[in-house]
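Peer 1: Contents of work-v2.txt (compact mmCIF, C-alpha atoms and all ligand atoms) are below:
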# COMPACT_ATOMS: atom_id res chain seq x y z
CA MET I 5 128.13 -131.70 32.71
CA ASN I 6 130.78 -134.40 32.40
CA ILE I 7 130.18 -138.00 33.39
CA ILE I 8 133.15 -139.49 35.22
CA ASP I 9 133.53 -142.85 33.53
CA GLY I 10 134.93 -145.10 36.26
CA LYS I 11 134.38 -148.17 34.15
CA LYS I 12 136.59 -146.88 31.34
CA ILE I 13 139.30 -145.51 33.67
CA SER I 14 139.39 -148.77 35.63
CA SER I 15 139.70 -150.69 32.40
CA ASN I 16 142.68 -148.49 31.37
CA ILE I 17 144.28 -149.04 34.78
CA LYS I 18 143.77 -152.81 34.55
CA GLU I 19 145.50 -152.76 31.16
CA GLU I 20 148.48 -150.89 32.70
CA ILE I 21 148.63 -153.36 35.61
CA LYS I 22 148.41 -156.34 33.26
CA LYS I 23 151.38 -155.07 31.23
CA GLU I 24 153.48 -154.44 34.34
CA ILE I 25 152.71 -157.89 35.78
CA SER I 26 153.64 -159.53 32.49
CA VAL I 27 157.03 -157.73 32.45
CA LEU I 28 157.70 -158.63 36.12
CA LYS I 29 156.78 -162.25 35.44
CA GLU I 30 159.35 -162.38 32.64
CA GLN I 31 161.97 -160.89 34.96
CA THR I 32 161.26 -162.83 38.15
CA GLY I 33 159.25 -165.91 37.11
CA LYS I 34 156.73 -164.90 39.79
CA MET I 35 153.25 -163.44 39.77
CA PRO I 36 151.35 -161.58 42.51
CA GLY I 37 148.96 -163.62 44.66
CA LEU I 38 145.83 -162.45 46.49
CA ALA I 39 143.89 -164.43 49.12
CA ILE I 40 140.25 -163.40 49.50
CA ILE I 41 138.48 -164.55 52.65
CA ILE I 42 134.68 -164.39 52.76
CA VAL I 43 132.67 -165.64 55.71
CA GLY I 44 128.98 -166.53 55.45
CA GLU I 45 126.27 -165.90 52.89
CA ASN I 46 126.02 -162.12 52.42
CA GLU I 47 124.76 -161.93 48.83
CA ALA I 48 126.20 -158.47 48.07
CA SER I 49 129.60 -159.58 49.42
CA LYS I 50 129.51 -162.66 47.17
CA VAL I 51 128.92 -160.45 44.13
CA TYR I 52 131.85 -158.18 45.09
CA VAL I 53 134.18 -161.13 45.69
CA LYS I 54 133.25 -162.69 42.35
CA SER I 55 134.07 -159.44 40.60
CA LYS I 56 137.41 -159.18 42.44
CA ILE I 57 138.37 -162.72 41.44
CA LYS I 58 137.43 -162.13 37.80
CA SER I 59 139.51 -158.93 37.74
CA CYS I 60 142.51 -160.75 39.22
CA GLU I 61 142.28 -163.27 36.39
CA GLU I 62 142.12 -160.51 33.79
CA VAL I 63 145.42 -158.93 34.88
CA GLY I 64 147.44 -162.01 35.83
CA ILE I 65 147.12 -162.03 39.62
CA LYS I 66 146.72 -165.48 41.15
CA SER I 67 143.71 -165.41 43.47
CA ILE I 68 142.60 -167.83 46.15
CA ASN I 69 138.92 -167.73 47.05
CA CYS I 70 138.68 -168.83 50.66
CA ALA I 71 134.93 -169.10 51.40
CA LEU I 72 134.23 -170.03 55.02
CA PRO I 73 130.82 -171.01 56.47
CA GLU I 74 128.73 -168.57 58.52
CA ASN I 75 129.47 -170.39 61.79
CA THR I 76 133.28 -170.21 61.45
CA SER I 77 134.85 -169.19 64.75
CA GLU I 78 137.05 -166.13 65.23
CA GLU I 79 139.95 -168.46 66.00
CA GLU I 80 139.53 -170.36 62.72
CA ILE I 81 139.49 -167.12 60.71
CA ILE I 82 142.59 -165.93 62.57
CA ASN I 83 144.40 -169.21 61.86
CA THR I 84 143.47 -169.00 58.17
CA ILE I 85 144.95 -165.48 57.98
CA LYS I 86 148.11 -166.59 59.81
CA GLU I 87 148.64 -169.33 57.20
CA PHE I 88 148.34 -166.79 54.37
CA ASN I 89 150.69 -164.42 56.25
CA LYS I 90 153.38 -167.13 56.06
CA ARG I 91 152.96 -167.97 52.37
CA ASP I 92 155.50 -166.47 49.98
CA ASP I 93 153.13 -166.84 47.00
CA ILE I 94 150.49 -164.65 48.70
CA ASP I 95 151.18 -160.92 48.59
CA GLY I 96 147.78 -159.64 49.63
CA ILE I 97 145.10 -160.78 52.08
CA LEU I 98 141.58 -159.38 51.86
CA VAL I 99 138.85 -160.15 54.36
CA GLN I 100 135.54 -159.17 52.79
CA LEU I 101 133.43 -157.04 55.14
CA PRO I 102 130.99 -157.16 56.79
CA LEU I 103 131.82 -160.26 58.84
CA PRO I 104 129.07 -162.15 60.72
CA LYS I 105 127.83 -160.23 63.79
CA ASN I 106 129.60 -162.42 66.37
CA ILE I 107 133.04 -161.79 64.83
CA ASP I 108 135.18 -158.86 65.97
CA GLU I 109 136.32 -157.25 62.70
CA LYS I 110 139.07 -155.23 64.35
CA LYS I 111 140.59 -158.34 65.93
CA ILE I 112 140.58 -160.09 62.53
CA ILE I 113 142.12 -157.21 60.59
CA ASP I 114 144.83 -156.86 63.26
CA VAL I 115 146.14 -160.32 62.31
CA ILE I 116 146.84 -159.46 58.64
CA SER I 117 150.54 -158.68 58.03
CA LEU I 118 151.07 -154.97 57.47
CA ASN I 119 152.68 -155.53 54.06
CA LYS I 120 149.78 -157.80 52.93
CA ASP I 121 146.98 -155.42 53.99
CA VAL I 122 145.85 -154.63 50.41
CA ASP I 123 142.62 -153.05 51.70
CA GLY I 124 144.66 -150.55 53.73
CA PHE I 125 142.41 -151.25 56.73
CA LYS I 126 145.06 -151.68 59.43
CA PRO I 127 145.48 -148.75 61.84
CA GLU I 128 149.16 -148.43 60.82
CA ASN I 129 148.26 -148.06 57.12
CA LEU I 130 145.52 -145.51 57.90
CA GLY I 131 148.03 -143.60 60.05
CA LEU I 132 150.64 -143.65 57.27
CA LEU I 133 148.02 -142.35 54.83
CA PHE I 134 147.29 -139.39 57.13
CA LEU I 135 151.02 -138.70 57.38
CA GLY I 136 151.25 -138.63 53.57
CA GLU I 137 153.59 -141.64 53.35
CA LYS I 138 153.69 -142.64 49.68
CA LYS I 139 154.61 -146.28 50.17
CA SER I 140 151.75 -147.31 52.49
CA LEU I 141 148.86 -149.49 51.30
CA LYS I 142 145.83 -147.24 51.01
CA SER I 143 142.11 -147.93 51.33
CA CYS I 144 140.83 -148.88 47.85
CA THR I 145 137.66 -146.78 47.46
CA PRO I 146 139.21 -143.43 48.51
CA LEU I 147 142.34 -144.27 46.49
CA GLY I 148 140.12 -144.94 43.46
CA ILE I 149 138.36 -141.59 43.94
CA MET I 150 141.75 -139.81 44.09
CA GLU I 151 142.71 -141.55 40.85
CA LEU I 152 139.51 -140.23 39.22
CA PHE I 153 140.35 -136.66 40.32
CA TYR I 154 143.85 -137.10 38.91
CA ARG I 155 142.76 -138.56 35.58
CA TYR I 156 140.06 -135.91 35.07
CA ASN I 157 142.43 -133.08 36.07
CA ILE I 158 140.20 -132.03 38.96
CA ASP I 159 142.29 -129.81 41.21
CA LEU I 160 141.71 -130.15 44.96
CA LYS I 161 143.97 -127.45 46.35
CA GLY I 162 141.97 -124.89 48.32
CA LYS I 163 138.64 -126.45 47.36
CA ASP I 164 135.78 -126.84 49.84
CA VAL I 165 135.27 -130.59 50.01
CA VAL I 166 132.36 -132.12 51.89
CA ILE I 167 132.47 -135.82 52.71
CA ILE I 168 129.24 -137.39 53.99
CA GLY I 169 129.93 -140.60 55.89
CA ARG I 170 132.59 -141.26 58.50
CA SER I 171 133.29 -144.97 57.98
CA ASN I 172 136.74 -146.49 58.49
CA ILE I 173 136.64 -147.75 54.88
CA VAL I 174 135.63 -144.56 53.04
CA GLY I 175 135.06 -141.36 55.04
CA LYS I 176 138.10 -141.42 57.34
CA PRO I 177 140.75 -142.36 54.75
CA MET I 178 139.13 -139.92 52.26
CA MET I 179 139.70 -137.17 54.84
CA GLY I 180 143.39 -138.13 55.04
CA PHE I 181 143.76 -137.79 51.26
CA MET I 182 142.02 -134.40 51.30
CA ILE I 183 144.25 -133.03 54.05
CA ASN I 184 147.34 -134.03 52.08
CA ALA I 185 145.92 -132.60 48.84
CA GLY I 186 145.52 -129.18 50.48
CA ALA I 187 141.72 -129.15 50.31
CA THR I 188 139.51 -127.66 53.02
CA ALA I 189 137.54 -130.71 54.00
CA THR I 190 134.52 -131.21 56.24
CA ILE I 191 133.40 -134.67 57.25
CA CYS I 192 129.69 -134.95 57.96
CA ASN I 193 127.30 -137.66 59.08
CA SER I 194 123.54 -138.09 59.31
CA ASN I 195 123.47 -136.14 62.62
CA THR I 196 125.36 -133.13 61.28
CA LYS I 197 123.66 -129.82 62.02
CA ASN I 198 122.59 -127.89 58.92
CA LEU I 199 123.79 -130.71 56.67
CA GLU I 200 122.06 -129.24 53.63
CA GLU I 201 123.80 -125.90 54.14
CA LYS I 202 127.16 -127.69 54.25
CA ILE I 203 126.36 -129.68 51.11
CA LYS I 204 125.41 -126.47 49.31
CA ASN I 205 128.82 -125.00 50.12
CA ALA I 206 130.77 -127.91 48.59
CA ASP I 207 132.90 -127.44 45.49
CA ILE I 208 133.45 -131.17 45.69
CA LEU I 209 130.89 -133.46 47.32
CA ILE I 210 131.70 -137.07 48.22
CA VAL I 211 128.68 -139.04 49.41
CA ALA I 212 128.98 -142.36 51.23
CA MET I 213 125.98 -142.48 53.55
CA GLY I 214 123.99 -145.45 52.25
CA LYS I 215 120.69 -143.59 51.68
CA ALA I 216 119.22 -144.06 48.21
CA LYS I 217 118.98 -140.80 46.22
CA TYR I 218 119.41 -138.63 49.35
CA VAL I 219 121.23 -135.76 47.62
CA LYS I 220 118.79 -133.78 45.45
CA GLY I 221 119.50 -131.23 42.73
CA SER I 222 118.36 -128.32 44.92
CA MET I 223 120.97 -129.20 47.57
CA VAL I 224 124.12 -128.84 45.44
CA LYS I 225 126.07 -125.83 44.25
CA ASN I 226 126.05 -125.09 40.52
CA GLY I 227 129.16 -126.60 38.94
CA ALA I 228 130.00 -128.88 41.89
CA VAL I 229 131.94 -132.11 41.40
CA VAL I 230 129.79 -134.93 42.80
CA ILE I 231 131.21 -138.35 43.72
CA ASP I 232 128.61 -140.96 44.63
CA VAL I 233 129.97 -143.90 46.65
CA GLY I 234 126.52 -145.33 47.49
CA ILE I 235 125.28 -148.63 46.09
CA ASN I 236 121.66 -149.17 47.11
CA ARG I 237 119.54 -152.06 45.95
CA THR I 238 115.97 -150.81 45.45
CA GLU I 239 112.84 -152.19 43.75
CA ASN I 240 113.88 -150.21 40.67
CA GLY I 241 117.41 -151.64 40.59
CA LEU I 242 120.75 -150.20 41.72
CA CYS I 243 121.06 -146.55 42.62
CA GLY I 244 123.50 -144.31 44.44
CA ASP I 245 123.11 -141.90 47.37
CA VAL I 246 122.72 -139.09 44.84
CA ASP I 247 119.61 -138.44 42.73
CA TYR I 248 121.51 -138.68 39.44
CA GLU I 249 118.68 -137.32 37.25
CA GLU I 250 118.43 -134.11 39.24
CA VAL I 251 122.04 -133.58 40.35
CA SER I 252 123.59 -134.24 36.94
CA LYS I 253 121.78 -131.10 35.70
CA LYS I 254 123.77 -128.95 38.15
CA ALA I 255 127.10 -130.72 38.56
CA SER I 256 130.18 -130.02 36.44
CA TYR I 257 131.32 -133.63 36.95
CA ILE I 258 129.39 -136.59 38.36
CA THR I 259 129.97 -140.32 38.86
CA PRO I 260 127.14 -142.65 37.79
CA VAL I 261 125.99 -145.71 39.77
CA PRO I 262 126.86 -148.28 38.57
CA GLY I 263 130.00 -147.54 36.55
CA GLY I 264 131.53 -144.77 38.66
CA VAL I 265 133.36 -145.42 41.91
CA GLY I 266 132.64 -149.19 42.12
CA PRO I 267 134.97 -150.38 39.32
CA MET I 268 137.70 -148.09 40.67
CA THR I 269 137.65 -149.85 44.05
CA VAL I 270 138.44 -153.13 42.33
CA ALA I 271 141.14 -151.56 40.12
CA MET I 272 142.83 -150.13 43.23
CA LEU I 273 142.74 -153.54 44.93
CA LEU I 274 144.70 -154.91 41.97
CA LYS I 275 147.07 -151.95 42.12
CA ASN I 276 147.64 -152.49 45.86
CA THR I 277 148.25 -156.21 45.30
CA LEU I 278 150.86 -155.36 42.67
CA SER I 279 152.44 -152.80 45.06
CA ALA I 280 152.51 -155.40 47.86
CA PHE I 281 154.11 -157.91 45.48
CA LYS I 282 156.83 -155.42 44.56
CA ILE I 283 157.47 -154.56 48.21
CA ASN I 284 157.43 -158.19 49.35
CA LYS I 285 159.70 -159.36 46.52
CA GLN I 286 161.86 -156.23 46.86
CA ILE I 287 161.27 -155.11 43.27
CA ILE I 288 161.24 -151.31 43.47
N1 LIG I 301 133.09 -154.30 52.04
C1 LIG I 301 132.66 -153.19 51.38
N2 LIG I 301 133.70 -152.60 50.76
C2 LIG I 301 134.79 -153.35 51.02
C3 LIG I 301 136.16 -153.24 50.64
O1 LIG I 301 136.61 -152.34 49.95
N3 LIG I 301 136.97 -154.24 51.11
C4 LIG I 301 136.52 -155.25 51.89
N4 LIG I 301 137.39 -156.14 52.31
N5 LIG I 301 135.26 -155.35 52.28
C5 LIG I 301 134.41 -154.42 51.83
How does this structure look as structure tokens?
Peer 2:
Amino acid sequence: MNIIDGKKISSNIKEEIKKEISVLKEQTGKMPGLAIIIVGENEASKVYVKSKIKSCEEVGIKSINCALPENTSEEEIINTIKEFNKRDDIDGILVQLPLPKNIDEKKIIDVISLNKDVDGFKPENLGLLFLGEKKSLKSCTPLGIMELFYRYNIDLKGKDVVIIGRSNIVGKPMMGFMINAGATATICNSNTKNLEEKIKNADILIVAMGKAKYVKGSMVKNGAVVIDVGINRTENGLCGDVDYEEVSKKASYITPVPGGVGPMTVAMLLKNTLSAFKINKQII
């Protein structure tokens, strides 16, 4: 069994990004800028945002932390985004999800300029991903998972891939990547009939369902590649959607939680911000 070390890979990627930014800064006198908007007091979101800001600092991306109170109106959030859309020093705009219940996330994301959508959440960017357009901005977590497959030489062509979870952030864009990679992909959810049978058939299993340690050793095929996107806070600390103890005995490759997919999401945000900078400043 091989552990997929997302922490190490993300650190290598950050080093590559840092070097590229330093060269571009020499050439243009400019550095990429990322605006991060967080609304309210969601503790998990605050932790993620802090980590994103720290990573920006590490690679030479200027970040603006725009923390708005819980009771901010939709209109105020929209106006904040519109200001960042206009700014030449801001290449990427990220609205940390989830937003407070009374805010329409779709309406908010719609306002972000297409070329500043570093989360790849806009319908146009998701559409471009499905069409296999290389230059679109792609959703960070699935993009990070693809990078792990690439760096560990895990071939996807013709493989039976099972994705559990159909979210706009992970499951749906992951499906787009799998179609383009020539895999045979099935997207499941908690209501899927014979879910365990489908899991057992997977050469590659990608789990993003938000249920602590749901996938047990007995459910997976011998030698399967198992990617755990879950981050669950339990009494015993952080754990994924996969029972790591059990499944690691059967998998050929597995991502740990923490230290697997999580750091890759942040690395891909930095990569997308750099891509947006190059597109926006016409450095290709
Ligand atoms: N909430 C959970 N994951 C993400 C992410 O990748 N981006 C944003 N903006 N919000 C999230």
Peer 1: I'd like to know which of I:Gln286, I:Gln100, I:Ser55, I:Asn119 is closest to ligand LIG 301 (chain I), using only C-alpha atoms and all ligand atoms.
Peer 2: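 Using only C-alpha atoms and all ligand atoms, ligand LIG 301 (chain I) sits closest to I:Gln100.
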Peer 1: Could you please determine the separation between CA of Lys254 (chain I) and CA of Asn226 (chain I) in Å, to one decimal place?
Peer 2: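 Rounded to one decimal, the two atoms are 5.1 Å apart.
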Peer 1: Would you mind listing, for every residue of region 71-158 of chain I within 10 Å of region 10-30 of chain I, the two atoms forming the shortest contact and the distance between them in Å to one decimal, using all atoms listed in the file, sorted by chain and ascending residue number, as a tab-separated table?
Peer 2:
residue	atom	partner	partner_atom	distance
I:Gly148	CA	I:Ser14	CA	8.7
I:Ile149	CA	I:Gly10	CA	9.1
I:Glu151	CA	I:Ile13	CA	8.9
I:Leu152	CA	I:Gly10	CA	7.3
I:Arg155	CA	I:Ile13	CA	8.0
I:Tyr156	CA	I:Ile13	CA	9.7
Peer 1: Atoms to include: C-alpha atoms. Write the selected residues as an mmCIF file, in the frame of the given file.
Peer 2:
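Saved to selection-v2.cif:
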data_model
loop_
_atom_site.group_PDB
_atom_site.id
_atom_site.type_symbol
_atom_site.label_atom_id
_atom_site.label_comp_id
_atom_site.auth_asym_id
_atom_site.auth_seq_id
_atom_site.Cartn_x
_atom_site.Cartn_y
_atom_site.Cartn_z
ATOM 1 C CA GLY I 148 140.120 -144.940 43.460
ATOM 2 C CA ILE I 149 138.360 -141.590 43.940
ATOM 3 C CA GLU I 151 142.710 -141.550 40.850
ATOM 4 C CA LEU I 152 139.510 -140.230 39.220
ATOM 5 C CA ARG I 155 142.760 -138.560 35.580
ATOM 6 C CA TYR I 156 140.060 -135.910 35.070
#
Peer 1: Which residue out of I:Asp245, I:Asp92, I:Asp159, I:Glu47 has the minimum interatomic distance to ligand LIG 301 (chain I) when all atoms listed in the file are used?
Peer 2: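 Using all atoms listed in the file, ligand LIG 301 (chain I) sits closest to I:Glu47.
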Peer 1: Report, in Å to a single decimal, how far apart CA of Pro267 (chain I) and CA of Lys285 (chain I) are.
Peer 2: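 Computing the Euclidean distance for CA of Lys285 (chain I) and CA of Pro267 (chain I) yields 27.3 Å.
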Peer 1: Smallest atom-to-atom distance to Leu141 (chain I): which of I:Glu200, I:Glu109, I:Asp95, I:Glu249, using only C-alpha atoms?
Peer 2: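 Going through I:Glu200, I:Glu109, I:Asp95, I:Glu249 one by one, the smallest distance to Leu141 (chain I) is for I:Asp95.
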Peer 1: With the cut-off set at 7 Å and counting only C-alpha atoms and all ligand atoms, tabulate each residue of chain I with an atom at most that distance from an atom of ligand LIG 301 (chain I), showing the nearest atom pair and its distance in Å to one decimal, ordered by chain and increasing number, as JSON lines.
Peer 2:
{"residue": "I:Ser49", "atom": "CA", "partner": "I:LIG301", "partner_atom": "N1", "distance": 6.9}
{"residue": "I:Leu98", "atom": "CA", "partner": "I:LIG301", "partner_atom": "N4", "distance": 5.3}
{"residue": "I:Val99", "atom": "CA", "partner": "I:LIG301", "partner_atom": "N4", "distance": 4.7}
{"residue": "I:Gln100", "atom": "CA", "partner": "I:LIG301", "partner_atom": "N4", "distance": 3.6}
{"residue": "I:Leu101", "atom": "CA", "partner": "I:LIG301", "partner_atom": "N5", "distance": 3.8}
{"residue": "I:Pro102", "atom": "CA", "partner": "I:LIG301", "partner_atom": "N1", "distance": 5.9}
{"residue": "I:Asp123", "atom": "CA", "partner": "I:LIG301", "partner_atom": "N3", "distance": 5.8}
{"residue": "I:Cys144", "atom": "CA", "partner": "I:LIG301", "partner_atom": "O1", "distance": 5.8}
{"residue": "I:Thr145", "atom": "CA", "partner": "I:LIG301", "partner_atom": "O1", "distance": 6.2}
{"residue": "I:Ile173", "atom": "CA", "partner": "I:LIG301", "partner_atom": "O1", "distance": 6.7}
{"residue": "I:Thr269", "atom": "CA", "partner": "I:LIG301", "partner_atom": "O1", "distance": 6.5}
Peer 1: Residues within 9 Å of Ile41 (chain I), please, as a PyMOL selection string. Count only C-alpha atoms; anything in the same chain fewer than 2 positions from it doesn't count.
Peer 2: chain I and resi 39+43+53+68-72+81+84-85+97-100
Peer 1: Mind giving me the straight-line distance from CA of Ser279 (chain I) to CA of Lys139 (chain I) in Å, one decimal?
Peer 2: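 A separation of 8.6 Å between them.
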Peer 1: I:Ile158, I:Ile112, I:Met213, I:Met182: which is nearest Ile235 (chain I), counting only C-alpha atoms?
Peer 2: I:Met213
Peer 1: Residues within 6 Å of Val211 (chain I), please, as a PDB file with C-alpha atoms, in the frame of the given file. Count all atoms listed in the file; anything in the same chain fewer than 4 positions from it doesn't count.
Peer 2:
ATOM      1  CA  ILE I 167     132.470-135.820  52.710  1.00  0.00           C
ATOM      2  CA  ILE I 168     129.240-137.390  53.990  1.00  0.00           C
ATOM      3  CA  ASP I 232     128.610-140.960  44.630  1.00  0.00           C
ATOM      4  CA  VAL I 233     129.970-143.900  46.650  1.00  0.00           C
TER       5      VAL I 233
END
